[in-house]
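Trainee: Sharing work10.txt here; it has compact mmCIF, N, CA and C atoms.
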```
# COMPACT_ATOMS: atom_id res chain seq x y z
N MET A 1 134.31 -5.45 -132.87
CA MET A 1 133.01 -4.87 -132.68
C MET A 1 132.06 -5.94 -132.15
N LYS A 2 131.27 -5.59 -131.15
CA LYS A 2 130.36 -6.53 -130.53
C LYS A 2 129.09 -6.67 -131.36
N LYS A 3 128.69 -7.90 -131.63
CA LYS A 3 127.50 -8.15 -132.43
C LYS A 3 126.30 -8.30 -131.50
N LEU A 4 125.23 -7.55 -131.77
CA LEU A 4 124.03 -7.63 -130.96
C LEU A 4 123.12 -8.72 -131.49
N SER A 5 122.56 -9.48 -130.57
CA SER A 5 121.61 -10.51 -130.99
C SER A 5 120.19 -9.97 -130.80
N LYS A 6 119.33 -10.29 -131.74
CA LYS A 6 117.95 -9.81 -131.70
C LYS A 6 117.09 -10.87 -131.03
N LYS A 7 116.36 -10.46 -130.00
CA LYS A 7 115.46 -11.38 -129.33
C LYS A 7 114.07 -10.79 -129.31
N GLY A 8 113.08 -11.60 -129.62
CA GLY A 8 111.70 -11.14 -129.57
C GLY A 8 111.28 -10.41 -130.84
N PHE A 9 110.09 -9.80 -130.74
CA PHE A 9 109.51 -9.09 -131.87
C PHE A 9 109.51 -7.59 -131.60
N THR A 10 109.48 -6.83 -132.66
CA THR A 10 109.32 -5.39 -132.52
C THR A 10 107.92 -5.03 -133.00
N ILE A 11 107.48 -3.84 -132.66
CA ILE A 11 106.14 -3.39 -133.05
C ILE A 11 106.03 -3.29 -134.57
N MET A 12 107.15 -3.11 -135.25
CA MET A 12 107.13 -3.02 -136.72
C MET A 12 106.85 -4.36 -137.39
N GLU A 13 106.97 -5.44 -136.66
CA GLU A 13 106.73 -6.77 -137.23
C GLU A 13 105.29 -7.23 -137.08
N VAL A 14 104.46 -6.47 -136.37
CA VAL A 14 103.06 -6.86 -136.15
C VAL A 14 102.28 -6.97 -137.47
N PRO A 15 102.40 -6.01 -138.40
CA PRO A 15 101.67 -6.19 -139.67
C PRO A 15 102.08 -7.46 -140.42
N THR A 16 103.35 -7.79 -140.37
CA THR A 16 103.82 -9.02 -141.03
C THR A 16 103.19 -10.24 -140.39
N LEU A 17 103.12 -10.25 -139.06
CA LEU A 17 102.48 -11.37 -138.37
C LEU A 17 101.00 -11.46 -138.71
N ALA A 18 100.33 -10.32 -138.82
CA ALA A 18 98.91 -10.32 -139.16
C ALA A 18 98.68 -10.87 -140.56
N VAL A 19 99.52 -10.46 -141.50
CA VAL A 19 99.40 -10.96 -142.88
C VAL A 19 99.68 -12.47 -142.91
N THR A 20 100.67 -12.90 -142.14
CA THR A 20 101.00 -14.33 -142.09
C THR A 20 99.82 -15.14 -141.56
N LEU A 21 99.20 -14.67 -140.49
CA LEU A 21 98.03 -15.37 -139.96
C LEU A 21 96.88 -15.38 -140.96
N GLY A 22 96.71 -14.28 -141.69
CA GLY A 22 95.68 -14.23 -142.71
C GLY A 22 95.92 -15.23 -143.84
N VAL A 23 97.17 -15.32 -144.26
CA VAL A 23 97.52 -16.26 -145.33
C VAL A 23 97.30 -17.70 -144.85
N ILE A 24 97.68 -17.99 -143.61
CA ILE A 24 97.46 -19.33 -143.06
C ILE A 24 95.97 -19.67 -143.04
N ALA A 25 95.14 -18.71 -142.62
CA ALA A 25 93.69 -18.94 -142.58
C ALA A 25 93.13 -19.20 -143.98
N ILE A 26 93.59 -18.43 -144.96
CA ILE A 26 93.13 -18.61 -146.34
C ILE A 26 93.54 -19.98 -146.87
N VAL A 27 94.78 -20.35 -146.64
CA VAL A 27 95.27 -21.65 -147.13
C VAL A 27 94.50 -22.79 -146.48
N LEU A 28 94.27 -22.71 -145.17
CA LEU A 28 93.50 -23.76 -144.49
C LEU A 28 92.08 -23.86 -145.05
N GLY A 29 91.47 -22.71 -145.33
CA GLY A 29 90.13 -22.72 -145.90
C GLY A 29 90.09 -23.34 -147.28
N ILE A 30 91.07 -23.01 -148.10
CA ILE A 30 91.12 -23.57 -149.46
C ILE A 30 91.36 -25.07 -149.42
N VAL A 31 92.29 -25.50 -148.57
CA VAL A 31 92.58 -26.94 -148.47
C VAL A 31 91.36 -27.70 -147.96
N ALA A 32 90.66 -27.15 -146.98
CA ALA A 32 89.46 -27.81 -146.47
C ALA A 32 88.39 -27.91 -147.55
N THR A 33 88.21 -26.85 -148.33
CA THR A 33 87.23 -26.87 -149.41
C THR A 33 87.58 -27.93 -150.45
N ILE A 34 88.84 -28.01 -150.81
CA ILE A 34 89.28 -29.00 -151.79
C ILE A 34 89.05 -30.42 -151.26
N LEU A 35 89.41 -30.66 -150.00
CA LEU A 35 89.22 -31.99 -149.42
C LEU A 35 87.75 -32.40 -149.39
N VAL A 36 86.87 -31.47 -149.05
CA VAL A 36 85.43 -31.77 -149.02
C VAL A 36 84.93 -32.09 -150.43
N GLN A 37 85.39 -31.33 -151.43
CA GLN A 37 84.97 -31.59 -152.80
C GLN A 37 85.50 -32.92 -153.31
N VAL A 38 86.74 -33.24 -152.97
CA VAL A 38 87.31 -34.53 -153.38
C VAL A 38 86.56 -35.67 -152.71
N GLN A 39 86.25 -35.50 -151.43
CA GLN A 39 85.57 -36.56 -150.69
C GLN A 39 84.17 -36.82 -151.24
N SER A 40 83.52 -35.77 -151.74
CA SER A 40 82.16 -35.95 -152.26
C SER A 40 82.12 -36.79 -153.53
N THR A 41 83.26 -36.97 -154.18
CA THR A 41 83.31 -37.79 -155.40
C THR A 41 83.67 -39.24 -155.10
N GLN A 42 83.88 -39.58 -153.84
CA GLN A 42 84.34 -40.92 -153.48
C GLN A 42 83.22 -41.74 -152.85
N THR A 43 83.41 -43.04 -152.84
CA THR A 43 82.45 -43.96 -152.26
C THR A 43 82.54 -43.90 -150.74
N THR A 44 81.38 -43.73 -150.11
CA THR A 44 81.34 -43.64 -148.66
C THR A 44 81.86 -44.94 -148.04
N GLY A 45 82.75 -44.81 -147.07
CA GLY A 45 83.31 -45.98 -146.38
C GLY A 45 84.52 -46.58 -147.08
N GLY A 46 84.86 -46.09 -148.28
CA GLY A 46 86.02 -46.60 -148.99
C GLY A 46 87.31 -46.06 -148.39
N TYR A 47 88.43 -46.64 -148.83
CA TYR A 47 89.74 -46.24 -148.30
C TYR A 47 90.03 -44.77 -148.58
N ALA A 48 89.81 -44.33 -149.82
CA ALA A 48 90.09 -42.93 -150.19
C ALA A 48 89.18 -41.98 -149.42
N TYR A 49 87.92 -42.38 -149.23
CA TYR A 49 86.98 -41.55 -148.47
C TYR A 49 87.46 -41.39 -147.04
N ASN A 50 87.91 -42.48 -146.43
CA ASN A 50 88.39 -42.42 -145.05
C ASN A 50 89.66 -41.57 -144.92
N ILE A 51 90.54 -41.67 -145.91
CA ILE A 51 91.77 -40.88 -145.88
C ILE A 51 91.45 -39.39 -145.99
N THR A 52 90.55 -39.02 -146.89
CA THR A 52 90.19 -37.61 -147.00
C THR A 52 89.46 -37.14 -145.74
N GLN A 53 88.72 -38.02 -145.09
CA GLN A 53 88.07 -37.65 -143.83
C GLN A 53 89.13 -37.35 -142.75
N GLU A 54 90.18 -38.14 -142.72
CA GLU A 54 91.29 -37.88 -141.78
C GLU A 54 91.94 -36.53 -142.08
N GLY A 55 92.09 -36.23 -143.37
CA GLY A 55 92.66 -34.94 -143.76
C GLY A 55 91.77 -33.78 -143.33
N ILE A 56 90.47 -33.93 -143.49
CA ILE A 56 89.53 -32.89 -143.08
C ILE A 56 89.59 -32.69 -141.57
N GLU A 57 89.64 -33.78 -140.82
CA GLU A 57 89.73 -33.68 -139.36
C GLU A 57 91.05 -33.04 -138.93
N GLY A 58 92.13 -33.36 -139.63
CA GLY A 58 93.43 -32.75 -139.32
C GLY A 58 93.42 -31.25 -139.56
N ILE A 59 92.83 -30.82 -140.69
CA ILE A 59 92.72 -29.40 -140.98
C ILE A 59 91.85 -28.72 -139.93
N GLU A 60 90.78 -29.38 -139.52
CA GLU A 60 89.90 -28.82 -138.49
C GLU A 60 90.64 -28.63 -137.16
N ASP A 61 91.43 -29.63 -136.78
CA ASP A 61 92.21 -29.52 -135.54
C ASP A 61 93.24 -28.41 -135.63
N PHE A 62 93.93 -28.34 -136.74
CA PHE A 62 94.97 -27.32 -136.94
C PHE A 62 94.38 -25.92 -136.94
N SER A 63 93.25 -25.74 -137.62
CA SER A 63 92.65 -24.41 -137.69
C SER A 63 92.03 -24.00 -136.37
N GLY A 64 91.74 -24.95 -135.51
CA GLY A 64 91.21 -24.63 -134.19
C GLY A 64 92.21 -23.88 -133.32
N TRP A 65 93.48 -23.97 -133.65
CA TRP A 65 94.53 -23.28 -132.88
C TRP A 65 94.72 -21.83 -133.31
N GLN A 66 94.08 -21.39 -134.38
CA GLN A 66 94.29 -20.03 -134.88
C GLN A 66 93.93 -18.97 -133.85
N SER A 67 92.82 -19.16 -133.17
CA SER A 67 92.44 -18.16 -132.18
C SER A 67 93.45 -18.09 -131.04
N THR A 68 94.03 -19.23 -130.70
CA THR A 68 95.06 -19.25 -129.66
C THR A 68 96.29 -18.47 -130.11
N TRP A 69 96.71 -18.65 -131.37
CA TRP A 69 97.86 -17.91 -131.89
C TRP A 69 97.62 -16.42 -131.83
N VAL A 70 96.41 -16.00 -132.22
CA VAL A 70 96.10 -14.58 -132.23
C VAL A 70 96.17 -14.00 -130.82
N VAL A 71 95.63 -14.73 -129.85
CA VAL A 71 95.66 -14.25 -128.46
C VAL A 71 97.10 -14.16 -127.95
N ILE A 72 97.91 -15.15 -128.27
CA ILE A 72 99.31 -15.14 -127.82
C ILE A 72 100.07 -13.97 -128.45
N ILE A 73 99.88 -13.75 -129.73
CA ILE A 73 100.58 -12.65 -130.40
C ILE A 73 100.11 -11.30 -129.86
N ALA A 74 98.80 -11.16 -129.66
CA ALA A 74 98.28 -9.91 -129.12
C ALA A 74 98.82 -9.67 -127.71
N ALA A 75 98.87 -10.71 -126.89
CA ALA A 75 99.40 -10.57 -125.54
C ALA A 75 100.88 -10.19 -125.57
N ALA A 76 101.63 -10.79 -126.48
CA ALA A 76 103.05 -10.46 -126.58
C ALA A 76 103.25 -9.01 -126.99
N VAL A 77 102.43 -8.51 -127.89
CA VAL A 77 102.54 -7.12 -128.31
C VAL A 77 102.20 -6.18 -127.15
N VAL A 78 101.11 -6.47 -126.44
CA VAL A 78 100.72 -5.62 -125.31
C VAL A 78 101.78 -5.64 -124.22
N ILE A 79 102.28 -6.82 -123.89
CA ILE A 79 103.33 -6.92 -122.87
C ILE A 79 104.59 -6.19 -123.33
N GLY A 80 104.91 -6.30 -124.61
CA GLY A 80 106.08 -5.59 -125.14
C GLY A 80 105.94 -4.09 -125.05
N ILE A 81 104.75 -3.57 -125.36
CA ILE A 81 104.52 -2.13 -125.28
C ILE A 81 104.59 -1.66 -123.83
N ILE A 82 103.95 -2.40 -122.94
CA ILE A 82 104.00 -2.02 -121.52
C ILE A 82 105.42 -2.11 -120.99
N GLY A 83 106.12 -3.17 -121.35
CA GLY A 83 107.52 -3.31 -120.91
C GLY A 83 108.40 -2.20 -121.44
N ALA A 84 108.21 -1.83 -122.70
CA ALA A 84 109.01 -0.73 -123.26
C ALA A 84 108.71 0.57 -122.54
N TYR A 85 107.46 0.79 -122.21
CA TYR A 85 107.10 2.01 -121.50
C TYR A 85 107.70 2.03 -120.10
N LEU A 86 107.62 0.90 -119.39
CA LEU A 86 108.08 0.86 -118.00
C LEU A 86 109.60 0.83 -117.87
N PHE A 87 110.27 0.12 -118.76
CA PHE A 87 111.70 -0.12 -118.56
C PHE A 87 112.60 0.79 -119.39
N PHE A 88 112.08 1.41 -120.43
CA PHE A 88 112.93 2.22 -121.29
C PHE A 88 112.55 3.69 -121.30
N ARG A 89 111.74 4.12 -120.36
CA ARG A 89 111.39 5.54 -120.30
C ARG A 89 112.54 6.31 -119.67
N PRO A 90 112.68 7.56 -120.03
CA PRO A 90 113.76 8.38 -119.45
C PRO A 90 113.53 8.59 -117.96
N ARG A 91 114.58 8.49 -117.23
CA ARG A 91 114.49 8.68 -115.78
C ARG A 91 114.89 10.11 -115.44
N GLY A 92 113.97 10.80 -114.81
CA GLY A 92 114.21 12.19 -114.45
C GLY A 92 114.73 12.33 -113.03
N GLY A 93 115.29 13.48 -112.73
CA GLY A 93 115.88 13.71 -111.42
C GLY A 93 114.92 14.26 -110.49
```
Is it possible to express this structure as structure tokens?

Mentor:
Amino acid sequence: MKKLSKKGFTIMEVPTLAVTLGVIAIVLGIVATILVQVQSTQTTGGYAYNITQEGIEGIEDFSGWQSTWVVIIAAAVVIGIIGAYLFFRPRGG
């Protein structure tokens, strides 16, 4: 029996992707809040203060890509729907 390989996403996976992006956003927000609170207890210019500042900047850079992920996923879904309509519609005589 021939085994089929699955490539790409299906429309049924869109809610899972949306929940995943939501969880990532929540986690990034919580981590950023914790880092800011930890940094406020440290001496300005100290080693620990600088390290937490690097962490805050890293979280900021990482979270800046969220809008790009959303656009890419939305584009993939739209292209998938259009492709399914164009290539898998019944051909009439």

Trainee: Would you compute the distance between CA of Glu13 (chain A) and atom C of Trp65 (chain A)? Give it in Å to one decimal.

Mentor: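 Computing it gives 19.7 Å between the two atoms.
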
Trainee: From chain A, collect each residue whose DSSP state is helix (DSSP H, G or I) and return the set as a ChimeraX atom specification.

Mentor: /A:11-40,47-63,66-87

Trainee: Check the smallest atom-to-atom distance from each of A:Ala32, A:Ile79, A:Ile26, A:Leu21 to Ile56 (chain A) using only C-alpha atoms, then report the winner.

Mentor: A:Ala32

Trainee: Work out how far apart atom N of Ile82 (chain A) and CA of Val70 (chain A) are and give it in Å to one decimal.

Mentor: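 Atom N of Ile82 (chain A) sits 17.2 Å away from CA of Val70 (chain A).
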
Trainee: Atom C of Gly80 (chain A) and atom N of Gln66 (chain A) are how many Å apart?

Mentor: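 Separation between atom C of Gly80 (chain A) and atom N of Gln66 (chain A): 23.0 Å.
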
Trainee: Using only C-alpha atoms, what residues lie at most 10 Å away from (88.6, -38.2, -146.8) (file coordinates), given as a ChimeraX atom specification?

Mentor: /A:35-40,42,44-57

Trainee: Work out where the centre of an axis-aligned box around every listed atom of region 9-23 of chain A lies and how long its edges are once 6 Å is added on each side; give both in Å to one decimal as lines of an AutoDock Vina configuration file.

Mentor:
```
center_x = 102.9
center_y = -10.4
center_z = -138.0
size_x = 26.4
size_y = 26.7
size_z = 26.6
```

Trainee: Nearest to Thr33 (chain A) among A:Met12, A:Ile59, A:Leu86, A:Leu17, with distances taken over only C-alpha atoms: which residue is it?

Mentor: A:Ile59

Trainee: Using only C-alpha atoms, find the one residue out of A:Thr41, A:Ala75, A:Ile81, A:Glu60 that sits nearest to Ala25 (chain A).

Mentor: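 Looking only at the distances to Ala25 (chain A), the closest residue turns out to be A:Glu60.
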
Trainee: So, with only C-alpha atoms as the atoms that count, which of A:Ala18, A:Ala84, A:Leu28, A:Val23 lies closest to Gly64 (chain A)?

Mentor: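 Using only C-alpha atoms, Gly64 (chain A) sits closest to A:Leu28.
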